[in-house]
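Raw contents of input28.cif, mmCIF, C-alpha atoms:
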data_model
loop_
_atom_site.label_atom_id
_atom_site.label_comp_id
_atom_site.auth_asym_id
_atom_site.auth_seq_id
_atom_site.Cartn_x
_atom_site.Cartn_y
_atom_site.Cartn_z
CA MET A 735 123.56 87.54 111.10
CA SER A 736 122.42 87.67 107.48
CA LYS A 737 124.59 88.11 104.40
CA ILE A 738 123.13 90.85 102.24
CA LEU A 739 124.09 92.15 98.79
CA ILE A 740 123.07 95.76 98.12
CA THR A 741 123.30 96.87 94.50
CA GLY A 742 123.73 100.61 94.19
CA GLY A 743 124.86 100.49 97.81
CA ALA A 744 127.06 103.58 97.59
CA GLY A 745 124.16 105.80 96.52
CA PHE A 746 121.79 107.96 98.53
CA ILE A 747 119.38 105.27 99.73
CA GLY A 748 121.71 102.29 99.39
CA SER A 749 124.47 103.65 101.61
CA GLN A 750 122.03 104.44 104.40
CA VAL A 751 120.37 101.03 104.17
CA ALA A 752 123.85 99.48 104.30
CA ARG A 753 124.68 101.51 107.40
CA ALA A 754 121.49 100.32 109.14
CA LEU A 755 122.21 96.65 108.35
CA LEU A 756 125.83 96.93 109.49
CA ALA A 757 124.70 98.54 112.75
CA ARG A 758 122.59 95.52 113.60
CA GLY A 759 125.36 93.08 112.77
CA ASP A 760 124.57 91.90 109.24
CA SER A 761 127.31 91.14 106.73
CA VAL A 762 126.99 93.61 103.84
CA CYS A 763 128.43 93.51 100.33
CA VAL A 764 127.97 96.71 98.31
CA LEU A 765 128.04 96.59 94.51
CA ASP A 766 128.22 99.97 92.78
CA ASN A 767 129.65 101.15 89.48
CA PHE A 768 130.32 104.71 90.77
CA ASN A 769 129.13 106.19 87.47
CA ASP A 770 129.12 109.90 86.68
CA PHE A 771 125.34 110.48 86.73
CA TYR A 772 126.40 112.76 89.58
CA ASP A 773 129.81 113.37 91.16
CA PRO A 774 131.32 109.91 91.85
CA ALA A 775 133.29 111.45 94.73
CA LEU A 776 130.04 111.75 96.69
CA LYS A 777 129.39 108.03 96.30
CA ARG A 778 133.01 107.23 97.16
CA ALA A 779 132.58 109.22 100.36
CA ASN A 780 129.39 107.29 101.17
CA ALA A 781 131.21 104.01 100.64
CA ALA A 782 134.16 105.10 102.77
CA ASP A 783 131.79 105.51 105.73
CA LEU A 784 130.59 101.90 105.51
CA THR A 785 133.10 100.41 107.92
CA GLY A 786 132.91 96.63 107.80
CA ALA A 787 131.19 96.38 104.43
CA THR A 788 132.76 94.76 101.38
CA ILE A 789 132.79 97.30 98.54
CA VAL A 790 132.84 95.94 94.98
CA THR A 791 133.16 98.25 91.99
CA GLY A 792 131.22 96.83 89.07
CA ASP A 793 128.11 96.89 86.90
CA ILE A 794 124.95 94.87 87.45
CA ARG A 795 124.97 94.02 83.74
CA ASP A 796 128.30 92.18 84.08
CA ARG A 797 127.13 88.56 84.18
CA GLY A 798 130.57 87.20 84.97
CA LEU A 799 131.00 89.50 87.94
CA LEU A 800 127.51 88.75 89.26
CA SER A 801 128.10 85.02 88.94
CA THR A 802 131.32 85.28 90.93
CA LEU A 803 129.76 87.53 93.58
CA PHE A 804 126.83 85.21 94.16
CA ALA A 805 129.03 82.10 94.23
CA GLN A 806 131.37 83.61 96.80
CA GLY A 807 128.86 85.63 98.81
CA ASN A 808 126.28 82.95 99.62
CA PHE A 809 123.81 85.78 100.19
CA ASP A 810 120.66 85.43 102.27
CA GLY A 811 119.14 88.48 100.62
CA VAL A 812 119.58 90.97 97.79
CA ILE A 813 118.41 94.59 97.99
CA HIS A 814 118.43 95.79 94.39
CA LEU A 815 118.71 99.59 94.35
CA ALA A 816 121.10 100.06 91.40
CA ALA A 817 119.40 101.87 88.52
CA MET A 818 119.50 104.85 86.25
CA ALA A 819 117.29 107.28 88.14
CA GLY A 820 115.12 110.23 87.23
CA VAL A 821 112.13 110.88 84.98
CA ARG A 822 113.47 113.78 82.90
CA PRO A 823 116.89 112.28 82.04
CA SER A 824 115.18 109.08 80.90
CA LEU A 825 113.49 111.00 78.08
CA ASP A 826 116.91 111.92 76.70
CA ASP A 827 118.46 108.44 76.92
CA PRO A 828 115.72 105.79 77.03
CA LEU A 829 117.91 103.04 75.54
CA HIS A 830 120.44 103.34 78.35
CA TYR A 831 117.68 103.39 80.97
CA GLY A 832 116.21 100.23 79.50
CA ASP A 833 119.58 98.51 79.34
CA VAL A 834 120.53 99.25 82.95
CA ASN A 835 117.16 99.06 84.65
CA VAL A 836 115.62 96.15 82.75
CA ARG A 837 118.54 94.05 81.53
CA GLY A 838 120.51 94.69 84.71
CA THR A 839 117.58 93.48 86.81
CA GLN A 840 117.26 90.41 84.60
CA VAL A 841 120.93 89.53 85.19
CA ILE A 842 120.36 89.58 88.96
CA LEU A 843 117.18 87.54 88.67
CA ASP A 844 119.02 84.97 86.56
CA GLU A 845 121.42 84.44 89.46
CA LEU A 846 118.54 84.19 91.90
CA ARG A 847 116.90 81.58 89.67
CA ARG A 848 119.69 79.24 90.76
CA ARG A 849 119.29 80.30 94.40
CA PRO A 850 115.52 80.42 94.89
CA THR A 851 115.61 80.74 98.69
CA THR A 852 117.47 84.06 98.56
CA ARG A 853 115.19 86.98 99.44
CA PHE A 854 114.88 89.69 96.77
CA VAL A 855 113.88 93.29 97.55
CA PHE A 856 113.45 95.42 94.42
CA ALA A 857 113.44 99.22 94.48
CA SER A 858 110.58 100.39 92.30
CA SER A 859 109.09 103.88 92.15
CA SER A 860 105.88 105.83 92.56
CA SER A 861 106.47 106.83 88.92
CA VAL A 862 104.80 103.56 87.87
CA TYR A 863 101.43 105.11 88.77
CA GLY A 864 101.75 107.62 85.93
CA SER A 865 98.96 110.19 85.77
CA ASN A 866 96.69 108.15 88.00
CA GLU A 867 93.64 110.24 88.87
CA ARG A 868 92.54 108.21 91.88
CA VAL A 869 94.38 109.22 95.04
CA PRO A 870 95.92 108.09 97.24
CA PHE A 871 97.66 105.49 95.08
CA ARG A 872 97.08 101.86 96.02
CA GLU A 873 99.24 98.90 95.10
CA ASP A 874 96.32 97.27 93.24
CA ASP A 875 95.59 100.32 91.04
CA ASP A 876 95.56 99.97 87.25
CA ILE A 877 99.02 101.18 86.20
CA HIS A 878 99.15 100.35 82.52
CA HIS A 879 99.99 103.89 81.42
CA PRO A 880 103.49 104.96 82.54
CA VAL A 881 104.39 108.44 81.26
CA SER A 882 108.20 108.23 81.12
CA PRO A 883 110.80 105.64 80.08
CA TYR A 884 112.03 105.57 83.68
CA ALA A 885 108.57 104.66 84.95
CA ALA A 886 108.21 101.97 82.28
CA THR A 887 111.54 100.39 83.27
CA LYS A 888 110.52 100.24 86.92
CA ARG A 889 107.22 98.58 86.08
CA ALA A 890 109.12 96.15 83.85
CA GLY A 891 111.33 95.29 86.82
CA GLU A 892 108.28 94.50 88.93
CA LEU A 893 106.90 92.23 86.20
CA LEU A 894 110.20 90.41 85.71
CA ALA A 895 110.43 89.90 89.46
CA TYR A 896 106.92 88.43 89.52
CA THR A 897 107.71 86.09 86.64
CA HIS A 898 110.78 84.74 88.41
CA HIS A 899 108.88 84.36 91.65
CA HIS A 900 106.15 82.45 89.83
CA LEU A 901 108.59 80.16 88.02
CA TYR A 902 111.21 79.60 90.71
CA GLY A 903 109.61 80.58 94.02
CA ILE A 904 112.01 83.45 94.78
CA PRO A 905 110.69 85.37 97.83
CA THR A 906 110.20 88.86 96.39
CA THR A 907 109.17 92.30 97.61
CA CYS A 908 108.86 95.34 95.35
CA LEU A 909 108.94 98.76 97.01
CA ARG A 910 107.42 101.80 95.36
CA PHE A 911 109.38 104.74 96.79
CA PHE A 912 107.68 108.14 96.95
CA THR A 913 110.07 111.11 96.43
CA VAL A 914 112.77 110.26 98.95
CA TYR A 915 114.82 113.13 100.38
CA GLY A 916 117.26 113.86 103.20
CA PRO A 917 120.98 113.99 103.98
CA ARG A 918 123.24 112.64 101.22
CA GLN A 919 120.53 112.90 98.58
CA ARG A 920 121.54 113.20 94.95
CA PRO A 921 122.42 116.79 94.01
CA GLU A 922 120.07 116.90 91.00
CA MET A 923 117.01 116.11 93.13
CA ALA A 924 114.56 118.97 93.69
CA ILE A 925 115.06 119.61 97.41
CA ALA A 926 118.85 119.55 97.03
CA LYS A 927 118.75 121.88 94.01
CA PHE A 928 116.30 124.28 95.64
CA THR A 929 118.27 124.41 98.89
CA ARG A 930 121.54 125.19 97.14
CA ALA A 931 119.92 127.82 94.90
CA ILE A 932 118.26 129.62 97.82
CA MET A 933 121.47 129.51 99.86
CA ASP A 934 123.39 130.99 96.93
CA GLY A 935 120.77 133.64 96.17
CA LYS A 936 120.06 132.13 92.77
CA PRO A 937 116.69 131.51 91.09
CA VAL A 938 114.84 128.28 91.88
CA PRO A 939 113.65 126.39 88.76
CA PHE A 940 109.89 126.41 89.34
CA PHE A 941 107.91 124.21 86.96
CA GLY A 942 104.21 124.86 86.48
CA ASP A 943 101.97 126.99 88.70
CA GLY A 944 103.14 125.52 92.02
CA THR A 945 100.10 123.32 92.63
CA THR A 946 101.73 120.00 91.71
CA ARG A 947 101.90 117.80 94.80
CA ARG A 948 104.38 115.18 95.94
CA ASP A 949 104.44 112.68 98.78
CA TYR A 950 107.90 113.57 100.11
CA THR A 951 109.39 110.77 102.23
CA TYR A 952 112.29 111.26 104.62
CA ILE A 953 115.25 108.93 104.20
CA ASP A 954 115.09 107.50 107.75
CA ASP A 955 111.52 106.33 107.16
CA ILE A 956 112.49 104.75 103.84
CA VAL A 957 115.43 102.91 105.40
CA ASP A 958 113.14 101.55 108.10
CA GLY A 959 110.71 100.35 105.43
CA VAL A 960 113.44 98.67 103.38
CA VAL A 961 114.84 96.81 106.39
CA ARG A 962 111.37 95.69 107.46
CA SER A 963 110.71 94.50 103.90
CA LEU A 964 113.90 92.45 103.88
CA ASP A 965 113.07 90.81 107.20
CA ARG A 966 109.51 89.97 106.14
CA CYS A 967 110.21 89.05 102.53
CA LYS A 968 108.12 86.07 101.44
CA GLY A 969 105.84 85.25 98.55
CA TYR A 970 105.46 88.16 96.13
CA GLU A 971 104.39 91.54 97.50
CA ILE A 972 104.34 95.16 96.38
CA TYR A 973 104.35 97.97 98.95
CA ASN A 974 104.11 101.72 98.77
CA LEU A 975 106.68 103.46 100.96
CA GLY A 976 105.66 107.09 101.38
CA GLU A 977 104.54 109.50 104.09
CA SER A 978 100.85 109.33 103.09
CA ALA A 979 100.70 113.12 102.84
CA THR A 980 101.26 115.63 100.04
CA THR A 981 103.02 118.97 99.78
CA THR A 982 102.61 121.41 96.89
CA LEU A 983 105.63 122.76 95.05
CA SER A 984 104.85 126.25 96.38
CA GLU A 985 104.69 124.96 99.96
CA LEU A 986 107.94 123.05 99.53
CA VAL A 987 109.84 126.11 98.30
CA GLU A 988 108.44 128.15 101.20
CA LEU A 989 109.55 125.51 103.71
CA ILE A 990 113.07 125.43 102.30
CA GLY A 991 113.27 129.21 102.25
CA ALA A 992 112.19 129.38 105.89
CA ALA A 993 114.75 126.74 106.92
CA VAL A 994 117.53 128.50 105.01
CA GLY A 995 116.45 131.92 106.25
CA ALA A 996 116.23 133.52 102.81
CA ARG A 997 113.45 134.50 100.41
CA PRO A 998 113.34 132.22 97.34
CA ILE A 999 113.66 133.75 93.87
CA LEU A 1000 111.49 131.83 91.41
CA ASP A 1001 112.45 131.03 87.82
CA ARG A 1002 109.01 130.12 86.48
CA GLN A 1003 109.00 127.50 83.73
CA PRO A 1004 106.31 125.32 82.08
CA MET A 1005 105.51 121.81 83.24
CA GLN A 1006 108.00 119.30 81.88
CA PRO A 1007 107.24 116.18 79.80
CA GLY A 1008 106.96 113.12 82.03
CA ASP A 1009 105.96 115.12 85.11
CA VAL A 1010 102.71 114.24 86.89
CA LEU A 1011 100.35 116.46 88.88
CA VAL A 1012 100.34 114.42 92.08
CA THR A 1013 101.95 111.49 93.87
CA TYR A 1014 100.24 110.29 97.03
CA ALA A 1015 100.81 106.94 98.74
CA ASP A 1016 98.21 104.80 100.44
CA ILE A 1017 100.49 103.02 102.95
CA SER A 1018 97.84 100.97 104.73
CA LYS A 1019 99.23 97.71 103.33
CA ALA A 1020 102.78 98.51 104.48
CA ARG A 1021 101.46 99.55 107.90
CA ALA A 1022 99.53 96.31 108.30
CA LYS A 1023 102.05 93.81 106.95
CA LEU A 1024 105.41 95.47 107.65
CA GLY A 1025 104.66 97.61 110.69
CA TYR A 1026 105.84 100.57 108.60
CA ALA A 1027 105.12 103.81 110.45
CA PRO A 1028 106.74 106.91 108.92
CA SER A 1029 107.21 109.62 111.52
CA THR A 1030 109.01 112.54 109.84
CA ALA A 1031 106.73 115.29 108.55
CA VAL A 1032 108.07 117.19 105.56
CA SER A 1033 108.47 120.39 107.62
CA GLU A 1034 110.78 118.57 110.04
CA GLY A 1035 112.56 116.63 107.32
CA VAL A 1036 113.33 119.75 105.30
CA ARG A 1037 114.69 121.47 108.42
CA ARG A 1038 116.95 118.47 109.13
CA TYR A 1039 118.17 118.40 105.55
CA VAL A 1040 118.96 122.13 105.46
CA ASP A 1041 120.79 121.83 108.80
CA TRP A 1042 122.85 118.99 107.31
CA VAL A 1043 123.70 121.04 104.22
CA LYS A 1044 124.82 123.95 106.40
CA THR A 1045 127.37 121.66 108.09
CA ARG A 1046 128.90 120.51 104.81
#

How would this structure read if it were set down as structure tokens?
Amino acid sequence: MSKILITGGAGFIGSQVARALLARGDSVCVLDNFNDFYDPALKRANAADLTGATIVTGDIRDRGLLSTLFAQGNFDGVIHLAAMAGVRPSLDDPLHYGDVNVRGTQVILDELRRRPTTRFVFASSSSVYGSNERVPFREDDDIHHPVSPYAATKRAGELLAYTHHHLYGIPTTCLRFFTVYGPRQRPEMAIAKFTRAIMDGKPVPFFGDGTTRRDYTYIDDIVDGVVRSLDRCKGYEIYNLGESATTTLSELVELIGAAVGARPILDRQPMQPGDVLVTYADISKARAKLGYAPSTAVSEGVRRYVDWVKTR
């Protein structure tokens, strides 16, 4: 049994990672500040389902709290998922994104500096690739041109993690998530918004001409990748976690409409600042080193998600 701290553990990805670790017998401590980025009641409900986990309400920037948690928890690993999320909101409040995502990560790394055998898994993002023209995206691509404050903070987190690994030997894995979706996902995310709009007969906000492509990754596959990364965390590694396939915006809306059983109404709008034309993961490294093998095609994942929404 391992003792694992999950920051942001009441959120969409964190709560499902916590559930997987609890199911296999690990001891799990969840740290979450239950902020109002979206309805805190949804995160409270996620936390309430984590039978056996220790739930701590607090902020990753609170150095006193983190010091106490680490001293008492004697953690074998930290899965750092807590962050301000989203490309578009980061344009409106870049200072807050930098404070939470960069300084908050630094506070955690400062605790790990004193515990250099504790494994560290950092949730990064496919956003770090920016408007990369070479696809699929590889972990060794040149990514010096992030196109949103959110993307820049995630790349900064990767760099800080490398620095602390280099100086103190902390075993570190950074995971670049590609457009994660599925049950319990945040309500402002595209698939959740589109599903609710189509169900309610309202227009779907449709940015651009519909040809933008995303590598949509089902939550179960992401959870599997995170757990594998924790178990195999050594040295310093970066992995893409995606489906290694792309779906256009037009195709996505059609899939959701078919699963809902209603014809989507489109509210056509221009491309938004910070958006990119394509995200597409090369997952050969994760396949080879982690045994990562995503198995949920977007058509099946969307159907599962819509079925879940219908039961709510």

### Message
I'd like to see the residues matched by the PyMOL selection byres ((chain A and resi 860) around 9) on this file, and ideally I'd get them as number ranges by chain.
### Response
A: 858-859, 861-864, 871, 885, 909-913, 974-976, 1013-1015

### Task
List the residues matched by the PyMOL selection byres ((chain A and resi 771-787) around 6) in the displayed structure as an MDAnalysis selection string, ordered by chain and then by residue number.
chainID A and resid 744:745 762:763 768:770 788

For the contact check between segment 966-1011 of chain A and segment 1028-1033 of chain A, emit one row per residue of segment 966-1011 of chain A within 9 Å, containing the shortest atom pair and the distance in Å rounded to one decimal, counting all atoms listed in the file, chain then rising number order, as JSON lines.
{"residue": "A:Leu975", "atom": "CA", "partner": "A:Pro1028", "partner_atom": "CA", "distance": 8.7}
{"residue": "A:Gly976", "atom": "CA", "partner": "A:Pro1028", "partner_atom": "CA", "distance": 7.6}
{"residue": "A:Glu977", "atom": "CA", "partner": "A:Pro1028", "partner_atom": "CA", "distance": 5.9}
{"residue": "A:Ser978", "atom": "CA", "partner": "A:Pro1028", "partner_atom": "CA", "distance": 8.6}
{"residue": "A:Ala979", "atom": "CA", "partner": "A:Ala1031", "partner_atom": "CA", "distance": 8.6}
{"residue": "A:Thr980", "atom": "CA", "partner": "A:Val1032", "partner_atom": "CA", "distance": 8.9}
{"residue": "A:Thr981", "atom": "CA", "partner": "A:Val1032", "partner_atom": "CA", "distance": 7.9}
{"residue": "A:Leu986", "atom": "CA", "partner": "A:Val1032", "partner_atom": "CA", "distance": 8.4}
{"residue": "A:Leu989", "atom": "CA", "partner": "A:Ser1033", "partner_atom": "CA", "distance": 6.5}
{"residue": "A:Ile990", "atom": "CA", "partner": "A:Ser1033", "partner_atom": "CA", "distance": 8.7}
{"residue": "A:Ala993", "atom": "CA", "partner": "A:Ser1033", "partner_atom": "CA", "distance": 9.0}

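Using all atoms listed in the file for every distance, the candidate list A:His814, A:Lys927, A:His899, A:His830 yields A:His814 as the residue closest to Ala857 of chain A.
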
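In this model, the gap between atom CA of Asp826 of chain A and atom CA of Pro921 of chain A comes to 18.8 Å.
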